Structure formats: C-alpha cells, structure tokens
>>> print(open('entry-v2.cif').read())   # mmCIF, C-alpha atoms and all ligand atoms
data_input
#
loop_
_atom_site.label_atom_id
_atom_site.label_comp_id
_atom_site.auth_asym_id
_atom_site.auth_seq_id
_atom_site.Cartn_x
_atom_site.Cartn_y
_atom_site.Cartn_z
CA MET A 219 172.24 81.56 139.50
CA GLN A 220 170.57 79.53 136.81
CA ARG A 221 169.18 82.66 135.22
CA SER A 222 172.58 84.35 135.14
CA LEU A 223 174.14 81.18 133.70
CA ALA A 224 171.49 81.18 130.97
CA ALA A 225 172.21 84.85 130.33
CA LEU A 226 175.92 84.08 130.15
CA ILE A 227 175.33 81.26 127.66
CA THR A 228 173.09 83.55 125.57
CA LEU A 229 175.76 86.24 125.62
CA ALA A 230 178.44 83.72 124.63
CA LEU A 231 176.31 82.48 121.73
CA CYS A 232 175.77 86.05 120.56
CA VAL A 233 179.50 86.75 120.67
CA ILE A 234 180.23 83.57 118.69
CA ALA A 235 177.37 84.13 116.22
CA ALA A 236 177.85 87.84 115.59
CA PRO A 237 181.15 87.72 113.66
CA ALA A 238 179.90 84.87 111.45
CA PHE A 239 176.94 87.04 110.49
CA THR A 240 178.64 90.39 109.99
CA GLN A 241 181.92 89.20 108.49
CA GLY A 242 182.40 87.35 105.25
CA PRO A 243 185.39 85.23 104.32
CA PRO A 244 188.78 86.56 105.41
CA GLY A 245 191.22 88.40 103.16
CA ASP A 246 191.38 91.55 101.09
CA ARG A 247 188.72 92.50 98.57
CA VAL A 248 188.91 94.25 95.22
CA ILE A 249 186.40 96.27 93.23
CA LEU A 250 186.91 97.39 89.62
CA ILE A 251 184.65 100.20 88.41
CA THR A 252 184.52 101.50 84.85
CA LEU A 253 182.76 104.51 83.34
CA ASP A 254 182.36 103.86 79.61
CA GLY A 255 184.04 106.41 77.36
CA ALA A 256 184.60 108.95 80.14
CA ARG A 257 186.82 111.66 78.63
CA VAL A 258 189.80 113.16 80.44
CA GLU A 259 188.34 116.57 79.55
CA GLU A 260 185.31 116.07 81.80
CA VAL A 261 186.95 113.93 84.51
CA PHE A 262 189.65 116.55 85.15
CA GLY A 263 187.90 119.72 83.95
CA GLY A 264 184.18 119.21 84.46
CA LEU A 265 181.81 121.00 82.09
CA ASP A 266 183.46 121.73 78.72
CA PRO A 267 181.65 124.84 77.42
CA ALA A 268 182.72 124.26 73.81
CA ALA A 269 181.31 120.72 73.76
CA PHE A 270 178.12 121.86 75.47
CA THR A 271 177.69 124.76 73.02
CA SER A 272 177.98 122.34 70.08
CA THR A 273 174.72 120.70 71.18
CA LEU A 274 172.61 123.88 71.25
CA ARG A 275 170.07 124.75 68.60
CA LYS A 276 169.86 128.14 66.91
CA GLY A 277 168.84 130.82 69.37
CA GLN A 278 169.65 128.78 72.48
CA THR A 279 172.28 130.02 74.91
CA LEU A 280 174.49 128.12 77.35
CA GLU A 281 173.41 130.32 80.24
CA GLU A 282 169.77 129.27 79.97
CA GLN A 283 170.58 125.54 80.12
CA PRO A 284 169.78 123.95 83.53
CA ALA A 285 172.86 121.72 83.36
CA TYR A 286 175.03 124.79 82.77
CA SER A 287 173.61 126.52 85.85
CA ARG A 288 174.18 123.38 87.86
CA PHE A 289 177.73 122.53 86.75
CA TRP A 290 179.44 125.75 85.60
CA ALA A 291 182.25 127.33 87.64
CA ASP A 292 185.22 129.50 86.69
CA THR A 293 188.09 127.02 87.00
CA PRO A 294 188.51 123.39 85.86
CA GLN A 295 189.05 122.36 89.50
CA ALA A 296 185.84 124.03 90.65
CA ARG A 297 183.90 122.58 87.68
CA ARG A 298 185.01 118.99 88.31
CA GLU A 299 184.17 119.36 91.99
CA LYS A 300 180.69 120.57 91.07
CA MET A 301 180.25 117.54 88.81
CA MET A 302 181.75 114.92 91.16
CA PRO A 303 181.93 116.46 94.65
CA PHE A 304 182.48 113.25 96.61
CA PHE A 305 185.11 111.92 94.24
CA TRP A 306 187.15 115.14 94.12
CA ARG A 307 186.70 116.57 97.61
CA THR A 308 186.74 113.38 99.68
CA LEU A 309 187.74 110.18 97.88
CA MET A 310 190.77 111.61 96.05
CA VAL A 311 191.79 113.88 98.94
CA ARG A 312 191.66 111.43 101.84
CA HIS A 313 191.67 107.92 100.40
CA GLY A 314 193.06 107.69 96.87
CA SER A 315 194.76 109.12 93.81
CA ILE A 316 194.12 109.61 90.10
CA ALA A 317 196.43 109.62 87.08
CA GLY A 318 195.80 110.96 83.59
CA ASP A 319 195.67 114.75 83.86
CA LYS A 320 198.03 116.03 81.18
CA ALA A 321 198.06 119.47 82.81
CA ALA A 322 199.70 117.80 85.84
CA GLY A 323 202.30 115.99 83.69
CA SER A 324 200.38 112.74 84.03
CA SER A 325 199.59 110.36 81.19
CA VAL A 326 197.45 107.21 80.98
CA THR A 327 196.88 105.72 77.54
CA LEU A 328 195.43 102.63 75.89
CA THR A 329 197.79 100.19 74.21
CA ASN A 330 195.10 98.76 71.92
CA THR A 331 194.70 100.77 68.73
CA HIS A 332 190.95 100.30 68.26
CA ARG A 333 189.79 102.79 70.90
CA PHE A 334 186.34 101.30 71.37
CA SER A 335 184.73 99.27 74.12
CA TYR A 336 185.39 95.53 73.83
CA PRO A 337 189.12 95.95 73.11
CA GLY A 338 189.35 98.49 75.97
CA TYR A 339 187.63 96.32 78.57
CA SER A 340 189.55 93.28 77.40
CA GLU A 341 192.83 95.18 77.78
CA ILE A 342 191.84 96.07 81.35
CA LEU A 343 190.88 92.46 82.20
CA LEU A 344 193.75 90.68 80.41
CA GLY A 345 196.59 93.16 80.80
CA GLU A 346 197.26 92.86 77.08
CA ALA A 347 195.86 94.24 73.86
CA HIS A 348 195.03 91.62 71.24
CA ASP A 349 194.37 93.89 68.29
CA ASP A 350 194.20 91.07 65.74
CA THR A 351 191.66 88.91 67.57
CA ILE A 352 189.73 91.38 69.74
CA LYS A 353 188.56 93.89 67.18
CA SER A 354 184.79 94.23 67.36
CA ASN A 355 182.00 94.95 69.84
CA ASP A 356 180.12 91.81 68.81
CA PRO A 357 179.13 89.59 71.77
CA LEU A 358 181.84 87.00 71.08
CA ARG A 359 183.18 84.99 74.02
CA ASN A 360 186.56 86.29 75.18
CA PRO A 361 189.22 83.96 73.71
CA TYR A 362 191.41 84.49 76.81
CA VAL A 363 191.01 83.80 80.54
CA THR A 364 190.41 87.09 82.37
CA VAL A 365 191.96 88.29 85.61
CA LEU A 366 188.54 87.90 87.27
CA GLU A 367 188.43 84.19 86.40
CA GLU A 368 192.03 83.70 87.45
CA LEU A 369 191.41 85.40 90.82
CA LYS A 370 188.43 83.11 91.39
CA ALA A 371 190.59 80.04 90.75
CA ARG A 372 193.61 81.23 92.74
CA LEU A 373 191.58 82.38 95.74
CA GLY A 374 189.27 79.37 95.63
CA LEU A 375 186.13 81.51 95.51
CA PRO A 376 182.59 80.32 94.73
CA PRO A 377 180.83 81.76 91.63
CA ALA A 378 179.01 84.32 93.84
CA GLY A 379 182.40 85.44 95.20
CA VAL A 380 183.41 87.03 91.88
CA ALA A 381 180.59 89.16 90.53
CA VAL A 382 180.18 91.43 87.52
CA PHE A 383 177.33 93.89 87.06
CA GLY A 384 177.32 95.76 83.74
CA SER A 385 174.96 98.12 81.96
CA TRP A 386 176.02 96.87 78.50
CA ASN A 387 174.94 93.36 77.52
CA VAL A 388 178.26 92.46 75.84
CA PHE A 389 179.89 92.16 79.28
CA ASP A 390 178.54 88.61 79.43
CA ALA A 391 181.04 87.75 76.69
CA ILE A 392 183.91 90.04 77.70
CA VAL A 393 184.47 89.09 81.33
CA GLU A 394 184.45 85.30 81.02
CA HIS A 395 186.40 82.92 78.84
CA THR A 396 184.38 80.10 80.43
CA SER A 397 180.68 80.91 80.44
CA GLY A 398 179.14 80.53 83.90
CA ALA A 399 182.42 80.75 85.80
CA LEU A 400 181.40 83.98 87.54
CA THR A 401 178.22 85.75 88.64
CA VAL A 402 177.49 88.03 85.67
CA ASN A 403 174.45 90.27 85.23
CA ALA A 404 174.70 92.58 82.24
CA GLY A 405 172.40 94.53 79.94
CA TYR A 406 168.68 94.01 80.33
CA GLU A 407 169.01 90.82 82.37
CA ALA A 408 166.85 89.60 85.24
CA PHE A 409 168.61 89.05 88.57
CA GLU A 410 167.48 86.35 90.98
CA HIS A 411 167.69 87.35 94.63
CA PRO A 412 166.03 86.18 97.86
CA ASP A 413 164.88 89.72 98.74
CA PRO A 414 161.54 90.57 97.04
CA LYS A 415 162.57 94.27 96.86
CA VAL A 416 165.60 93.31 94.77
CA ARG A 417 163.46 91.12 92.51
CA GLU A 418 161.12 94.09 92.01
CA LEU A 419 164.11 96.29 91.15
CA SER A 420 165.22 93.66 88.64
CA ALA A 421 161.73 93.64 87.07
CA MET A 422 161.66 97.45 86.80
CA GLN A 423 164.67 97.56 84.45
CA PHE A 424 162.44 96.08 81.74
CA GLN A 425 159.81 98.81 82.28
CA THR A 426 162.26 101.70 81.94
CA PRO A 427 163.81 101.33 78.49
CA THR A 428 166.75 103.50 77.52
CA PRO A 429 167.21 104.84 73.97
CA TRP A 430 169.72 101.99 73.50
CA ASP A 431 168.81 98.35 72.91
CA SER A 432 171.93 96.89 74.50
CA VAL A 433 172.46 99.22 77.50
CA ARG A 434 170.19 99.51 80.55
CA HIS A 435 170.18 102.46 82.93
CA ASP A 436 173.19 102.54 85.25
CA VAL A 437 170.94 102.84 88.29
CA TYR A 438 169.89 99.19 87.89
CA THR A 439 173.45 98.04 87.43
CA PHE A 440 174.53 99.87 90.55
CA ARG A 441 171.54 98.89 92.73
CA LEU A 442 171.74 95.21 91.78
CA ALA A 443 175.50 95.27 92.41
CA MET A 444 174.94 96.76 95.88
CA ALA A 445 172.31 94.12 96.65
CA HIS A 446 174.70 91.32 95.71
CA LEU A 447 177.58 92.97 97.57
CA GLN A 448 175.52 93.15 100.77
CA SER A 449 174.08 89.63 100.61
CA ALA A 450 176.82 87.52 98.96
CA ARG A 451 179.81 89.58 100.14
CA PRO A 452 182.03 88.85 97.11
CA ARG A 453 185.77 89.35 97.40
CA VAL A 454 186.09 90.35 93.75
CA MET A 455 183.59 92.64 92.07
CA TYR A 456 183.36 94.57 88.82
CA ILE A 457 180.77 97.33 88.31
CA ALA A 458 180.65 98.51 84.67
CA LEU A 459 178.62 101.68 84.13
CA GLY A 460 177.70 102.75 80.61
CA GLU A 461 175.69 105.96 80.33
CA THR A 462 178.65 108.35 80.08
CA ASP A 463 179.31 106.86 76.62
CA ASP A 464 175.77 106.51 75.32
CA TRP A 465 174.56 110.02 76.15
CA ALA A 466 177.71 111.39 74.51
CA HIS A 467 177.06 109.44 71.29
CA ASP A 468 173.53 110.87 71.35
CA GLY A 469 174.90 114.40 71.72
CA ARG A 470 173.13 114.90 75.07
CA TYR A 471 175.91 116.78 76.83
CA ASP A 472 173.55 117.77 79.66
CA ARG A 473 172.85 114.11 80.35
CA VAL A 474 176.57 113.29 80.21
CA LEU A 475 177.18 115.76 83.04
CA GLU A 476 174.22 114.47 85.02
CA THR A 477 175.53 110.92 84.61
CA TYR A 478 178.88 111.88 86.13
CA ALA A 479 177.05 113.48 89.06
CA ARG A 480 174.87 110.40 89.60
CA THR A 481 177.93 108.18 89.37
CA ASP A 482 179.57 110.33 92.04
CA SER A 483 176.62 109.65 94.36
CA TYR A 484 177.00 105.91 93.65
CA LEU A 485 180.68 106.09 94.60
CA GLU A 486 179.78 107.86 97.85
CA GLU A 487 177.13 105.28 98.71
CA LEU A 488 179.47 102.39 97.90
CA TRP A 489 182.37 103.86 99.87
CA THR A 490 180.18 104.67 102.88
CA TRP A 491 178.84 101.12 102.93
CA LEU A 492 182.28 99.52 102.51
CA GLN A 493 183.68 101.55 105.39
CA SER A 494 180.74 100.57 107.62
CA GLN A 495 181.43 96.83 107.23
CA PRO A 496 184.17 95.11 109.29
CA ASP A 497 184.95 92.66 106.47
CA TYR A 498 185.39 95.45 103.86
CA ARG A 499 186.63 98.46 105.85
CA ASP A 500 190.26 99.38 105.08
CA ARG A 501 190.85 96.11 103.22
CA THR A 502 189.05 96.86 99.96
CA HIS A 503 191.08 97.94 96.93
CA ILE A 504 189.26 99.96 94.28
CA LEU A 505 190.41 100.73 90.73
CA ILE A 506 188.29 103.15 88.68
CA THR A 507 188.99 103.71 85.00
CA THR A 508 187.49 103.82 81.51
CA ASP A 509 187.64 101.67 78.38
CA HIS A 510 188.54 104.56 76.04
CA GLY A 511 188.50 108.31 75.77
CA ARG A 512 186.74 110.35 73.11
CA GLY A 513 187.68 112.98 70.57
CA SER A 514 189.30 116.03 72.12
CA THR A 515 187.75 118.56 69.73
CA VAL A 516 184.30 120.13 69.46
CA ALA A 517 183.77 118.17 66.24
CA GLU A 518 184.78 114.83 67.75
CA TRP A 519 183.83 114.80 71.46
CA ARG A 520 180.86 112.51 70.73
CA ASN A 521 183.01 109.91 69.00
CA HIS A 522 185.86 107.50 69.57
CA GLY A 523 187.70 104.93 67.48
CA ALA A 524 191.05 104.21 65.84
CA LYS A 525 191.09 107.47 63.87
CA VAL A 526 189.75 109.75 66.60
CA GLU A 527 192.53 111.81 68.19
CA GLY A 528 192.14 111.92 71.99
CA ALA A 529 190.31 108.60 72.33
CA GLN A 530 193.59 106.94 73.37
CA ASP A 531 193.87 109.25 76.41
CA VAL A 532 192.32 107.75 79.53
CA TRP A 533 192.66 108.02 83.33
CA MET A 534 192.91 105.67 86.25
CA ALA A 535 192.02 106.18 89.93
CA PHE A 536 193.18 104.06 92.87
CA VAL A 537 191.78 103.67 96.37
CA SER A 538 193.85 101.03 98.10
CA PRO A 539 195.19 100.35 101.58
CA ALA A 540 198.45 99.44 99.77
CA MET A 541 198.87 102.92 98.22
CA SER A 542 199.76 106.07 100.18
CA ARG A 543 199.58 108.53 97.27
CA ARG A 544 196.73 111.06 97.44
CA GLY A 545 195.24 113.46 94.91
CA GLU A 546 196.56 113.83 91.38
CA TRP A 547 199.58 111.96 90.08
CA ARG A 548 202.17 114.47 88.83
CA ASP A 549 205.21 114.18 86.54
CA HIS A 550 205.54 110.38 86.54
CA PRO A 551 206.47 107.79 83.91
CA PRO A 552 203.44 107.14 81.68
CA ILE A 553 200.86 104.57 82.79
CA GLN A 554 199.03 102.30 80.36
CA THR A 555 195.68 100.54 80.57
CA ASN A 556 197.40 97.15 80.20
CA GLN A 557 198.73 97.62 83.77
CA ALA A 558 195.26 97.38 85.33
CA ALA A 559 195.05 93.56 85.40
CA ALA A 560 198.39 93.11 87.19
CA THR A 561 197.46 95.86 89.64
CA LEU A 562 194.14 94.23 90.52
CA ALA A 563 195.75 90.78 90.82
CA GLY A 564 198.68 92.12 92.83
CA TRP A 565 196.37 93.67 95.42
CA MET A 566 194.94 90.16 95.94
CA GLY A 567 198.39 88.54 96.19
CA VAL A 568 198.45 87.09 92.66
CA ASP A 569 201.42 87.73 90.34
CA TRP A 570 199.71 88.35 86.99
CA ASN A 571 203.00 88.79 85.13
CA SER A 572 204.10 85.25 86.04
CA LEU A 573 200.96 84.04 84.25
CA ARG A 574 201.07 86.61 81.41
CA PRO A 575 204.67 87.75 80.89
CA ALA A 576 203.60 90.22 78.18
CA ALA A 577 201.07 91.97 80.40
CA GLY A 578 201.69 95.46 81.77
CA LYS A 579 203.31 95.68 85.20
CA PRO A 580 201.39 96.48 88.40
CA ILE A 581 201.00 100.14 89.37
CA ARG A 582 202.26 100.89 92.87
ZN ZN B 1 180.99 104.33 72.55
#
>>> encode(input="entry-v2.cif", output="structure tokens", more="lines below")
Ligand SMILES: [Zn+2]
Amino acid sequence: MQRSLAALITLALCVIAAPAFTQGPPGDRVILITLDGARVEEVFGGLDPAAFTSTLRKGQTLEEQPAYSRFWADTPQARREKMMPFFWRTLMVRHGSIAGDKAAGSSVTLTNTHRFSYPGYSEILLGEAHDDTIKSNDPLRNPYVTVLEELKARLGLPPAGVAVFGSWNVFDAIVEHTSGALTVNAGYEAFEHPDPKVRELSAMQFQTPTPWDSVRHDVYTFRLAMAHLQSARPRVMYIALGETDDWAHDGRYDRVLETYARTDSYLEELWTWLQSQPDYRDRTHILITTDHGRGSTVAEWRNHGAKVEGAQDVWMAFVSPAMSRRGEWRDHPPIQTNQAAATLAGWMGVDWNSLRPAAGKPIR
C-alpha cells in the first residue's frame, strides 16, 4: 500500500513536471528567415544555365561541372526541386505558399529604391522604406524601433525570448533601435551557452574564415540559432542567412546553388524539430524572404543596387497555421516587402498599422 502510494506520488510529480519541462511559455511563435540576395530566377527556376556559363573559363563546359550534374534538369520546376527538394516538394505542398513567380502572375517587389541589404532588411523589419535616412550598409544603429523590439514589448518577453542570429555582422545594428533589447548574435561573434558542445561550435566559427570579413558561414548561424531555439525556446526568432549573396558577388555560381541546397536542409531540420515539440507544433508562423533580388541578365546576375534591373523583384514564402493557401500564389494583387512587418506582427496578435499607419498591410 505504501509502495503503491509512493508510486502514485512519483507518477503525479512526473505528470506535473513533464509539461513544465517540454513546453515553453504559452502562445503562438513566429520565425522570420531571410536568404540574402536570393534571386527569383533561382528560387523559382533553379539552375540558370546562362548565369552558370558566364562563370566558366575558356575551354570549360557546363556539362563537366559537378554542380551542373547535381542540379540540372529539363524544366524550371524540376530544377528548383533538385536545388531545394524539401522546400518545393514538402513545405510548399503541404504546409505553406510562396509569392513572387512572375510566370504564375505573381509579383513581390521592394518599395525602397536602393536595392541593397540594410534598406531591404530595414523595410522588412519596419514595414516602411526610409530611403533618405537608411541608405548605406554601414553598421549604423537603426533610427527606428523594429517589429522585433515591438513584439518583445507587447508580448512581455525576456531578451532571450526574441532572438536574432545573422551571418552578416551589420545585423547587430539593423534589428535593434535600442542596443541590448534582444538576443542578437551576428557576424563572427562568440555565443555564450551552457552546453560545452555549443561553445565549441561558437569557437569554430573563428577557425573557419570565409572570403568575407563581415560574413561568417551560414552553418554557424543556423546551428547557433537551433541551439538557442532548443534551450531558450524563444517566441520570436529571426534567422538571417547570407551566403547566397556573397558567393554570387564572387561569381561562384556553383557555390550559390550549393548554398540553396544546404539552406533547404536547414529548413527541413528546423521544420522537423518544430513539429516534434508540443509548444511549437502547429502554432509557429514562418515567413521566408530576401532583402533584394539581383540583376536579371547574364551581365548583371552577380550585382544588385538602385540601377540594376531585376534587383527590385523578390519573393515571399509563408508557413502559418493562419493561412490555408498552398503552393504558388497565382494572379493576385501585387505584394510588397513593406507588408512583412505587419504580417509578422499580425500573426502574434499585434496590429502594426495602428503603430505605423504608413506601413504596408498584413498579407493574409
Ligand atoms: Zn550583396
């Protein structure tokens, strides 16, 4: 009798303790993911043979390139599925939708006229372009309060509850008007964590330099973000990946394609983890987009900027329990990047347009 009472008490304690351990704070969650300078040409069409050919030296052929063997297929649909199989065959089929494919009568464009990174990210996070004040990539503190900071205040979250992991070091300045308001880890920056394996991962970023002084490898950004997600269980998270832009500037089209494929595996790992957790499953809203496009021609695919035609064309993907649309958006009124902030806020029950009347309206 006493033994069974003890067993009953133990069982009761387990039942009480288990939810506190496996579930974080109540309420919906939101994750913003950006792929820097990810062109509509690749996102919707996969390998672009003209762009790839422009990187070959005299005497080289496309057919002998390993990345061509890996990613070539006869149709744009088959090519994009080879490049991002999880995104195109699972995420966008069963769980979400994507706008921006002109061939489907879908348009997503920037409203800022600069067509480079800081103005693009700021437009996403503020819901407004500020072409006169936000006009360089210098690491200047954002003059405006971002949607991430506002969500933290409105939802009463601790600093660990709104977290940003970015490959580019300027994210420290872009995402916060008030320095230290959020958890931000960007560029080559050490990350403190109780798990020694995560600390080792943080140390390794400094031993694996990229060709770029201000951008670390995306794998560190993603792995550190996953570590924080699993231990701190933030309700608001932003993962900003950078290599799609940097390899393109360097003319490494093979690496651009490989980056998309690696990013696809990150999305699969993230999604699989979210759906395995009671506090994230079916209550996590995800918006995936880019800060700018790139030139649409063979001469300009490496570049972007105010004078580069095509760099204003972007795309936006949605995975949200509040949205029933699946696959590609077709024949709809144009979407603009300045609608991202209100969409993110709206998913979390915050009316961004009441705070910023000039901001773009939420996408539904
Ligand atoms: Zn760039």
>>> residues_near_ligand(input="entry-v2.cif", ligand="ligand ZN 1 (chain B)", cutoff="7 Å", atoms="all atoms listed in the file", output="compact mmCIF listing (two decimals) with C-alpha atoms, in the coordinates of the input")
# COMPACT_ATOMS: atom_id res chain seq x y z
CA GLY A 255 184.04 106.41 77.36
CA PHE A 334 186.34 101.30 71.37
CA SER A 335 184.73 99.27 74.12
CA ASP A 463 179.31 106.86 76.62
CA ASP A 464 175.77 106.51 75.32
CA HIS A 467 177.06 109.44 71.29
CA ASN A 521 183.01 109.91 69.00
CA HIS A 522 185.86 107.50 69.57
>>> closest_residue(input="entry-v2.cif", among="A:Val248, A:Ile392, A:Ala285, A:Ile553", to="Lys370 in chain A", atoms="only C-alpha atoms")
A:Val248
>>> atom_distance(input="entry-v2.cif", atom1="CA of Leu375 in chain A", atom2="CA of Tyr362 in chain A")
19.7 Å
>>> closest_residue(input="entry-v2.cif", among="A:Pro303, A:Asp246, A:Asp266, A:Asp500", to="Val568 in chain A", atoms="all atoms listed in the file")
A:Asp246
>>> closest_residue(input="entry-v2.cif", among="A:Thr401, A:Thr273, A:Thr426, A:Thr252", to="Ala517 in chain A", atoms="only C-alpha atoms")
A:Thr273
>>> closest_atom_pairs(input="entry-v2.cif", of="range 486-512 of chain A", to="range 443-454 of chain A", cutoff="10 Å", atoms="all atoms listed in the file", output="JSON lines")
{"residue": "A:Glu487", "atom": "CA", "partner": "A:Met444", "partner_atom": "CA", "distance": 9.2}
{"residue": "A:Leu488", "atom": "CA", "partner": "A:Met444", "partner_atom": "CA", "distance": 7.5}
{"residue": "A:Trp491", "atom": "CA", "partner": "A:Gln448", "partner_atom": "CA", "distance": 8.9}
{"residue": "A:Leu492", "atom": "CA", "partner": "A:Gln448", "partner_atom": "CA", "distance": 9.4}
{"residue": "A:Gln495", "atom": "CA", "partner": "A:Gln448", "partner_atom": "CA", "distance": 9.5}
{"residue": "A:Asp497", "atom": "CA", "partner": "A:Arg451", "partner_atom": "CA", "distance": 8.7}
{"residue": "A:Tyr498", "atom": "CA", "partner": "A:Arg453", "partner_atom": "CA", "distance": 8.9}
{"residue": "A:Thr502", "atom": "CA", "partner": "A:Arg453", "partner_atom": "CA", "distance": 8.6}
{"residue": "A:His503", "atom": "CA", "partner": "A:Val454", "partner_atom": "CA", "distance": 9.6}
>>> residues_around(input="entry-v2.cif", residues="Arg544 in chain A", least_positions_apart="3", cutoff="8 Å", atoms="only C-alpha atoms", output="PyMOL selection string")
chain A and resi 310-316+547
>>> atom_distance(input="entry-v2.cif", atom1="CA of Ala529 in chain A", atom2="CA of His332 in chain A")
9.3 Å
>>> atom_distance(input="entry-v2.cif", atom1="CA of Arg441 in chain A", atom2="CA of Leu250 in chain A")
15.8 Å
>>> closest_residue(input="entry-v2.cif", among="A:Asn330, A:Thr439, A:Ser420, A:Ser514", to="Asn387 in chain A", atoms="all atoms listed in the file")
A:Thr439
>>> build_atoms(input="entry-v2.cif", residues="range 350-377 of chain A", atoms="N, CA and C atoms", output="compact mmCIF listing (two decimals), keeping the file's coordinate frame")
# COMPACT_ATOMS: atom_id res chain seq x y z
N ASP A 350 194.58 91.89 66.89
CA ASP A 350 194.20 91.07 65.74
C ASP A 350 192.97 90.21 66.02
N THR A 351 192.77 89.83 67.27
CA THR A 351 191.66 88.91 67.57
C THR A 351 190.50 89.62 68.28
N ILE A 352 190.80 90.66 69.04
CA ILE A 352 189.73 91.38 69.74
C ILE A 352 189.56 92.72 69.04
N LYS A 353 188.65 92.73 68.09
CA LYS A 353 188.56 93.89 67.18
C LYS A 353 187.14 94.27 66.82
N SER A 354 186.16 93.79 67.60
CA SER A 354 184.79 94.23 67.36
C SER A 354 184.04 94.28 68.68
N ASN A 355 182.87 94.92 68.66
CA ASN A 355 182.00 94.95 69.84
C ASN A 355 180.94 93.86 69.79
N ASP A 356 181.08 92.92 68.88
CA ASP A 356 180.12 91.81 68.81
C ASP A 356 180.23 90.97 70.08
N PRO A 357 179.11 90.38 70.52
CA PRO A 357 179.13 89.59 71.77
C PRO A 357 179.79 88.22 71.60
N LEU A 358 181.08 88.25 71.27
CA LEU A 358 181.84 87.00 71.08
C LEU A 358 182.58 86.68 72.38
N ARG A 359 182.51 85.43 72.79
CA ARG A 359 183.18 84.99 74.02
C ARG A 359 184.65 85.38 74.00
N ASN A 360 185.15 85.90 75.10
CA ASN A 360 186.56 86.29 75.18
C ASN A 360 187.46 85.07 74.95
N PRO A 361 188.37 85.13 73.98
CA PRO A 361 189.22 83.96 73.71
C PRO A 361 190.26 83.71 74.81
N TYR A 362 190.37 84.63 75.77
CA TYR A 362 191.41 84.49 76.81
C TYR A 362 190.78 84.50 78.20
N VAL A 363 191.46 83.82 79.14
CA VAL A 363 191.01 83.80 80.54
C VAL A 363 191.27 85.17 81.15
N THR A 364 190.26 85.74 81.81
CA THR A 364 190.41 87.09 82.37
C THR A 364 190.95 87.05 83.80
N VAL A 365 191.42 88.19 84.25
CA VAL A 365 191.96 88.29 85.61
C VAL A 365 190.88 87.96 86.65
N LEU A 366 189.63 88.23 86.33
CA LEU A 366 188.54 87.90 87.27
C LEU A 366 188.43 86.38 87.44
N GLU A 367 188.50 85.66 86.33
CA GLU A 367 188.43 84.19 86.40
C GLU A 367 189.65 83.62 87.11
N GLU A 368 190.80 84.20 86.83
CA GLU A 368 192.03 83.70 87.45
C GLU A 368 192.02 83.96 88.96
N LEU A 369 191.50 85.11 89.38
CA LEU A 369 191.41 85.40 90.82
C LEU A 369 190.46 84.41 91.49
N LYS A 370 189.37 84.09 90.82
CA LYS A 370 188.43 83.11 91.39
C LYS A 370 189.14 81.77 91.62
N ALA A 371 189.89 81.32 90.63
CA ALA A 371 190.59 80.04 90.75
C ALA A 371 191.66 80.08 91.82
N ARG A 372 192.49 81.14 91.80
CA ARG A 372 193.61 81.23 92.74
C ARG A 372 193.16 81.38 94.19
N LEU A 373 192.06 82.13 94.37
CA LEU A 373 191.58 82.38 95.74
C LEU A 373 190.56 81.34 96.18
N GLY A 374 190.22 80.42 95.28
CA GLY A 374 189.27 79.37 95.63
C GLY A 374 187.88 79.88 95.98
N LEU A 375 187.40 80.87 95.20
CA LEU A 375 186.13 81.51 95.51
C LEU A 375 184.96 80.81 94.81
N PRO A 376 183.78 80.85 95.41
CA PRO A 376 182.59 80.32 94.73
C PRO A 376 182.15 81.29 93.63
N PRO A 377 181.26 80.86 92.71
CA PRO A 377 180.83 81.76 91.63
C PRO A 377 180.26 83.09 92.15
